[in-house]
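Everything below belongs to query.pdb, which stores PDB, C-alpha atoms.
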```
ATOM      1  CA  MET A   1     113.513  92.708 108.041  1.00  0.00           C
ATOM      2  CA  ASP A   2     112.167  95.328 105.645  1.00  0.00           C
ATOM      3  CA  LEU A   3     112.620  94.343 102.013  1.00  0.00           C
ATOM      4  CA  GLY A   4     111.141  97.525 100.502  1.00  0.00           C
ATOM      5  CA  ALA A   5     114.457  99.033  99.429  1.00  0.00           C
ATOM      6  CA  TRP A   6     115.739  95.713  98.081  1.00  0.00           C
ATOM      7  CA  THR A   7     112.548  95.238  96.096  1.00  0.00           C
ATOM      8  CA  ASN A   8     112.971  98.669  94.503  1.00  0.00           C
ATOM      9  CA  VAL A   9     116.563  97.849  93.609  1.00  0.00           C
ATOM     10  CA  ALA A  10     115.556  94.472  92.174  1.00  0.00           C
ATOM     11  CA  PHE A  11     112.882  95.925  89.895  1.00  0.00           C
ATOM     12  CA  ALA A  12     115.211  98.749  88.844  1.00  0.00           C
ATOM     13  CA  GLY A  13     117.779  96.088  87.953  1.00  0.00           C
ATOM     14  CA  VAL A  14     115.164  94.184  85.949  1.00  0.00           C
ATOM     15  CA  ALA A  15     114.279  97.376  84.089  1.00  0.00           C
ATOM     16  CA  VAL A  16     117.914  98.199  83.279  1.00  0.00           C
ATOM     17  CA  PHE A  17     118.767  94.626  82.260  1.00  0.00           C
ATOM     18  CA  GLY A  18     115.627  94.441  80.135  1.00  0.00           C
ATOM     19  CA  ALA A  19     116.485  97.760  78.493  1.00  0.00           C
ATOM     20  CA  VAL A  20     119.998  96.543  77.648  1.00  0.00           C
ATOM     21  CA  LEU A  21     118.623  93.306  76.169  1.00  0.00           C
ATOM     22  CA  PHE A  22     115.960  95.267  74.289  1.00  0.00           C
ATOM     23  CA  ALA A  23     118.602  97.563  72.784  1.00  0.00           C
ATOM     24  CA  LEU A  24     120.791  94.625  71.765  1.00  0.00           C
ATOM     25  CA  SER A  25     117.883  92.763  70.223  1.00  0.00           C
ATOM     26  CA  ALA A  26     116.751  95.921  68.405  1.00  0.00           C
ATOM     27  CA  LEU A  27     120.240  96.192  66.889  1.00  0.00           C
ATOM     28  CA  ALA A  28     120.094  92.520  65.910  1.00  0.00           C
ATOM     29  CA  LEU A  29     116.645  93.053  64.405  1.00  0.00           C
ATOM     30  CA  ARG A  30     117.957  95.957  62.351  1.00  0.00           C
ATOM     31  CA  ARG A  31     120.861  93.873  61.052  1.00  0.00           C
ATOM     32  CA  ALA A  32     118.844  90.746  60.297  1.00  0.00           C
ATOM     33  CA  PRO A  33     115.125  91.498  60.238  1.00  0.00           C
ATOM     34  CA  SER A  34     112.884  88.527  60.906  1.00  0.00           C
ATOM     35  CA  PRO A  35     109.472  88.120  62.509  1.00  0.00           C
ATOM     36  CA  ARG A  36     110.863  85.896  65.272  1.00  0.00           C
ATOM     37  CA  MET A  37     113.551  88.437  66.182  1.00  0.00           C
ATOM     38  CA  GLY A  38     110.871  91.128  66.228  1.00  0.00           C
ATOM     39  CA  LEU A  39     108.882  89.099  68.747  1.00  0.00           C
ATOM     40  CA  VAL A  40     111.958  88.518  70.896  1.00  0.00           C
ATOM     41  CA  THR A  41     112.562  92.271  70.841  1.00  0.00           C
ATOM     42  CA  ALA A  42     108.938  92.848  71.855  1.00  0.00           C
ATOM     43  CA  GLY A  43     109.394  90.378  74.722  1.00  0.00           C
ATOM     44  CA  PHE A  44     112.377  92.297  76.039  1.00  0.00           C
ATOM     45  CA  LEU A  45     110.354  95.503  75.756  1.00  0.00           C
ATOM     46  CA  VAL A  46     107.597  93.939  77.884  1.00  0.00           C
ATOM     47  CA  ILE A  47     110.173  92.971  80.524  1.00  0.00           C
ATOM     48  CA  THR A  48     111.573  96.501  80.508  1.00  0.00           C
ATOM     49  CA  LEU A  49     108.126  98.046  80.853  1.00  0.00           C
ATOM     50  CA  GLN A  50     107.280  95.665  83.681  1.00  0.00           C
ATOM     51  CA  GLY A  51     110.395  96.681  85.595  1.00  0.00           C
ATOM     52  CA  VAL A  52     109.690 100.372  85.075  1.00  0.00           C
ATOM     53  CA  VAL A  53     105.984 100.240  85.963  1.00  0.00           C
ATOM     54  CA  ILE A  54     106.274  97.929  88.980  1.00  0.00           C
ATOM     55  CA  GLY A  55     109.400  99.716  90.177  1.00  0.00           C
ATOM     56  CA  SER A  56     107.728 103.116  89.993  1.00  0.00           C
ATOM     57  CA  LEU A  57     104.616 101.799  91.775  1.00  0.00           C
ATOM     58  CA  LEU A  58     106.817 100.356  94.515  1.00  0.00           C
ATOM     59  CA  PHE A  59     108.867 103.542  94.796  1.00  0.00           C
ATOM     60  CA  ASP A  60     105.734 105.689  94.949  1.00  0.00           C
ATOM     61  CA  GLY A  61     104.252 103.463  97.629  1.00  0.00           C
ATOM     62  CA  SER A  62     100.663 104.285  96.742  1.00  0.00           C
ATOM     63  CA  ALA A  63      99.746 100.907  95.224  1.00  0.00           C
ATOM     64  CA  SER A  64      98.531  98.028  97.350  1.00  0.00           C
ATOM     65  CA  ALA A  65      99.925  94.531  97.083  1.00  0.00           C
ATOM     66  CA  ASP A  66      96.832  93.425  95.145  1.00  0.00           C
ATOM     67  CA  VAL A  67      97.385  96.094  92.492  1.00  0.00           C
ATOM     68  CA  LEU A  68     101.073  95.222  92.205  1.00  0.00           C
ATOM     69  CA  LEU A  69     100.293  91.530  91.773  1.00  0.00           C
ATOM     70  CA  PHE A  70      97.615  92.250  89.177  1.00  0.00           C
ATOM     71  CA  VAL A  71      99.866  94.566  87.132  1.00  0.00           C
ATOM     72  CA  SER A  72     102.693  92.061  87.348  1.00  0.00           C
ATOM     73  CA  ALA A  73     100.371  89.256  86.211  1.00  0.00           C
ATOM     74  CA  VAL A  74      99.253  91.332  83.212  1.00  0.00           C
ATOM     75  CA  PHE A  75     102.852  91.886  82.145  1.00  0.00           C
ATOM     76  CA  GLU A  76     103.685  88.201  82.644  1.00  0.00           C
ATOM     77  CA  ALA A  77     100.683  87.173  80.548  1.00  0.00           C
ATOM     78  CA  ALA A  78     101.764  89.595  77.807  1.00  0.00           C
ATOM     79  CA  LEU A  79     105.277  88.158  77.874  1.00  0.00           C
ATOM     80  CA  LEU A  80     103.958  84.598  77.664  1.00  0.00           C
ATOM     81  CA  LEU A  81     101.784  85.573  74.711  1.00  0.00           C
ATOM     82  CA  VAL A  82     104.746  87.135  72.880  1.00  0.00           C
ATOM     83  CA  LEU A  83     106.924  84.104  73.535  1.00  0.00           C
ATOM     84  CA  PHE A  84     104.163  81.751  72.402  1.00  0.00           C
ATOM     85  CA  LEU A  85     103.767  83.752  69.189  1.00  0.00           C
ATOM     86  CA  ALA A  86     107.548  83.536  68.684  1.00  0.00           C
ATOM     87  CA  THR A  87     107.291  79.748  68.734  1.00  0.00           C
ATOM     88  CA  LEU A  88     104.589  79.804  66.048  1.00  0.00           C
ATOM     89  CA  VAL A  89     106.503  82.013  63.602  1.00  0.00           C
ATOM     90  CA  ARG A  90     108.540  80.144  61.020  1.00  0.00           C
TER
END
```

Would you write out, as C-alpha coordinates, the structure that this file holds?
Amino acid sequence: MDLGAWTNVAFAGVAVFGAVLFALSALALRRAPSPRMGLVTAGFLVITLQGVVIGSLLFDGSASADVLLFVSAVFEAALLLVLFLATLVR
(Lines of atoms letter the chains of each structure in order from A and count residues from 1; the text may use other names and numbers.)
(Lines give C-alpha, C1' and ligand atoms only; values in the text may rest on other atoms or scores of the structure.)
Protein backbone atom coordinates (compact mmCIF):
# COMPACT_ATOMS: atom_id res chain seq x y z
CA MET A 1 0.00 0.00 0.00
CA ASP A 2 1.38 3.40 -0.99
CA LEU A 3 1.20 5.92 1.84
CA GLY A 4 2.63 8.87 -0.11
CA ALA A 5 -0.67 10.69 -0.56
CA TRP A 6 -1.72 10.05 3.04
CA THR A 7 1.60 11.36 4.30
CA ASN A 8 1.13 14.58 2.32
CA VAL A 9 -2.36 14.98 3.74
CA ALA A 10 -1.12 14.31 7.27
CA PHE A 11 1.63 16.94 7.11
CA ALA A 12 -0.75 19.43 5.47
CA GLY A 13 -3.14 18.80 8.36
CA VAL A 14 -0.33 19.36 10.86
CA ALA A 15 0.53 22.63 9.14
CA VAL A 16 -3.07 23.87 9.14
CA PHE A 17 -3.71 22.80 12.74
CA GLY A 18 -0.44 24.39 13.83
CA ALA A 19 -1.33 27.60 12.00
CA VAL A 20 -4.73 27.74 13.72
CA LEU A 21 -3.13 27.18 17.14
CA PHE A 22 -0.44 29.74 16.34
CA ALA A 23 -3.08 32.33 15.41
CA LEU A 24 -5.08 31.65 18.58
CA SER A 25 -2.00 31.84 20.77
CA ALA A 26 -0.89 35.05 19.03
CA LEU A 27 -4.29 36.57 19.87
CA ALA A 28 -3.93 35.39 23.47
CA LEU A 29 -0.42 36.84 23.60
CA ARG A 30 -1.72 40.18 22.37
CA ARG A 31 -4.45 40.22 25.02
CA ALA A 32 -2.26 39.09 27.91
CA PRO A 33 1.42 39.44 27.05
CA SER A 34 3.74 37.19 29.03
CA PRO A 35 7.06 35.52 28.26
CA ARG A 36 5.59 32.04 28.72
CA MET A 37 2.75 32.74 26.28
CA GLY A 38 5.31 34.09 23.82
CA LEU A 39 7.22 30.82 24.02
CA VAL A 40 4.04 28.79 23.55
CA THR A 41 3.29 30.90 20.48
CA ALA A 42 6.81 30.26 19.20
CA GLY A 43 6.28 26.52 19.74
CA PHE A 44 3.14 26.55 17.63
CA LEU A 45 5.05 28.48 14.95
CA VAL A 46 7.73 25.76 14.92
CA ILE A 47 5.03 23.10 14.48
CA THR A 48 3.49 25.08 11.63
CA LEU A 49 6.84 25.53 9.91
CA GLN A 50 7.61 21.84 10.31
CA GLY A 51 4.34 20.88 8.63
CA VAL A 52 4.92 23.31 5.78
CA VAL A 53 8.57 22.38 5.15
CA ILE A 54 8.19 18.60 5.47
CA GLY A 55 4.92 18.67 3.54
CA SER A 56 6.46 20.62 0.68
CA LEU A 57 9.51 18.32 0.60
CA LEU A 58 7.20 15.30 0.47
CA PHE A 59 5.01 16.87 -2.21
CA ASP A 60 8.03 17.82 -4.30
CA GLY A 61 9.43 14.31 -4.00
CA SER A 62 13.03 15.40 -4.45
CA ALA A 63 14.18 14.80 -0.86
CA SER A 64 15.38 11.42 0.31
CA ALA A 65 14.16 9.77 3.48
CA ASP A 66 17.41 10.70 5.24
CA VAL A 67 16.91 14.40 4.49
CA LEU A 68 13.29 14.27 5.63
CA LEU A 69 14.25 12.60 8.90
CA PHE A 70 17.05 15.09 9.52
CA VAL A 71 14.83 18.13 8.84
CA SER A 72 12.11 16.66 11.02
CA ALA A 73 14.61 16.02 13.82
CA VAL A 74 15.82 19.63 13.64
CA PHE A 75 12.28 20.93 14.00
CA GLU A 76 11.57 18.53 16.87
CA ALA A 77 14.74 19.64 18.66
CA ALA A 78 13.73 23.29 18.20
CA LEU A 79 10.28 22.55 19.60
CA LEU A 80 11.76 20.74 22.61
CA LEU A 81 14.07 23.69 23.24
CA VAL A 82 11.17 26.16 23.13
CA LEU A 83 9.08 24.02 25.47
CA PHE A 84 12.00 23.61 27.86
CA LEU A 85 12.52 27.38 27.90
CA ALA A 86 8.79 27.80 28.62
CA THR A 87 9.20 25.68 31.74
CA LEU A 88 12.06 27.88 32.97
CA VAL A 89 10.21 31.19 32.58
CA ARG A 90 8.42 32.40 35.68

Practice item. Would you kindly return, as a list in words, each protein, DNA or RNA residue with an atom no farther than 7 Å from any atom of range 32-41 of chain A, considering only C-alpha atoms and excluding same-chain residues fewer than 3 positions away? Key: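 So the residues in contact are Phe22, Ser25, Ala26, Ala28, Leu29, Phe44, Leu45, Val82, Ala86 and Val89 of chain A.
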
Exercise for review: Pick out the residues sitting within 10 Å of Ser56 in chain A, and hand them over as a list of chain:residue names; count all atoms listed in the file, and ignore anything fewer than 6 positions along from it in its own chain.
Suggested key: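 Residues meeting the cut-off are A:Asn8, A:Phe11, A:Ala12, A:Gln50, A:Ser62, A:Ala63.
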
Exactly which residues make up the result of the PyMOL selection byres ((chain A and resi 3-5) around 12) on this file, given as a PDB file with C-alpha atoms, in the coordinates of the input?
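And here's result.pdb as it stands now:
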```
ATOM      1  CA  MET A   1     113.513  92.708 108.041  1.00  0.00           C
ATOM      2  CA  ASP A   2     112.167  95.328 105.645  1.00  0.00           C
ATOM      3  CA  TRP A   6     115.739  95.713  98.081  1.00  0.00           C
ATOM      4  CA  THR A   7     112.548  95.238  96.096  1.00  0.00           C
ATOM      5  CA  ASN A   8     112.971  98.669  94.503  1.00  0.00           C
ATOM      6  CA  VAL A   9     116.563  97.849  93.609  1.00  0.00           C
ATOM      7  CA  ALA A  10     115.556  94.472  92.174  1.00  0.00           C
ATOM      8  CA  PHE A  11     112.882  95.925  89.895  1.00  0.00           C
ATOM      9  CA  ALA A  12     115.211  98.749  88.844  1.00  0.00           C
ATOM     10  CA  GLY A  55     109.400  99.716  90.177  1.00  0.00           C
ATOM     11  CA  LEU A  57     104.616 101.799  91.775  1.00  0.00           C
ATOM     12  CA  LEU A  58     106.817 100.356  94.515  1.00  0.00           C
ATOM     13  CA  PHE A  59     108.867 103.542  94.796  1.00  0.00           C
ATOM     14  CA  ASP A  60     105.734 105.689  94.949  1.00  0.00           C
ATOM     15  CA  GLY A  61     104.252 103.463  97.629  1.00  0.00           C
TER      16      GLY A  61
END
```

Review point. Nearest to Gly51 in chain A among A:Ala65, A:Leu88, A:Leu80, A:Phe75, with distances taken over only C-alpha atoms: which residue is it?
Key: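 Nearest candidate to Gly51 in chain A out of A:Ala65, A:Leu88, A:Leu80, A:Phe75: A:Phe75.
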
Check your understanding: How far is it from CA of Glu76 in chain A to CA of Ser64 in chain A, in Å with one decimal?
Key -> 18.4 Å

**Study point:** For CA of Ile47 in chain A and CA of Gly18 in chain A, the interatomic separation in Å (one decimal)
**Key:**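 Going from CA of Ile47 in chain A over to CA of Gly18 in chain A, I get 5.7 Å.
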
Report, as lines of an AutoDock Vina configuration file, the centre and edge lengths in Å (one decimal) of the axis-aligned box enclosing every listed atom of range 58-77 of chain A, padded by 4 Å on each side.
```
center_x = 102.8
center_y = 96.4
center_z = 89.1
size_x = 20.0
size_y = 26.5
size_z = 25.1
```

Show me, as a short mmCIF file (atom, residue, chain, number, x, y, z; two decimals) with C-alpha atoms, keeping the file's coordinate frame, the residues that have an atom within 9 Å of Val53 in chain A when counting only C-alpha atoms, minus same-chain residues fewer than 5 positions from it.
```cif
data_model
loop_
_atom_site.label_atom_id
_atom_site.label_comp_id
_atom_site.auth_asym_id
_atom_site.auth_seq_id
_atom_site.Cartn_x
_atom_site.Cartn_y
_atom_site.Cartn_z
CA ALA A 15 114.28 97.38 84.09
CA THR A 48 111.57 96.50 80.51
CA LEU A 58 106.82 100.36 94.52
CA VAL A 71 99.87 94.57 87.13
CA SER A 72 102.69 92.06 87.35
#
```

Study note, to complete from the structure: note - CA of Leu68 in chain A and CA of Val16 in chain A are separated by 19.3 Å
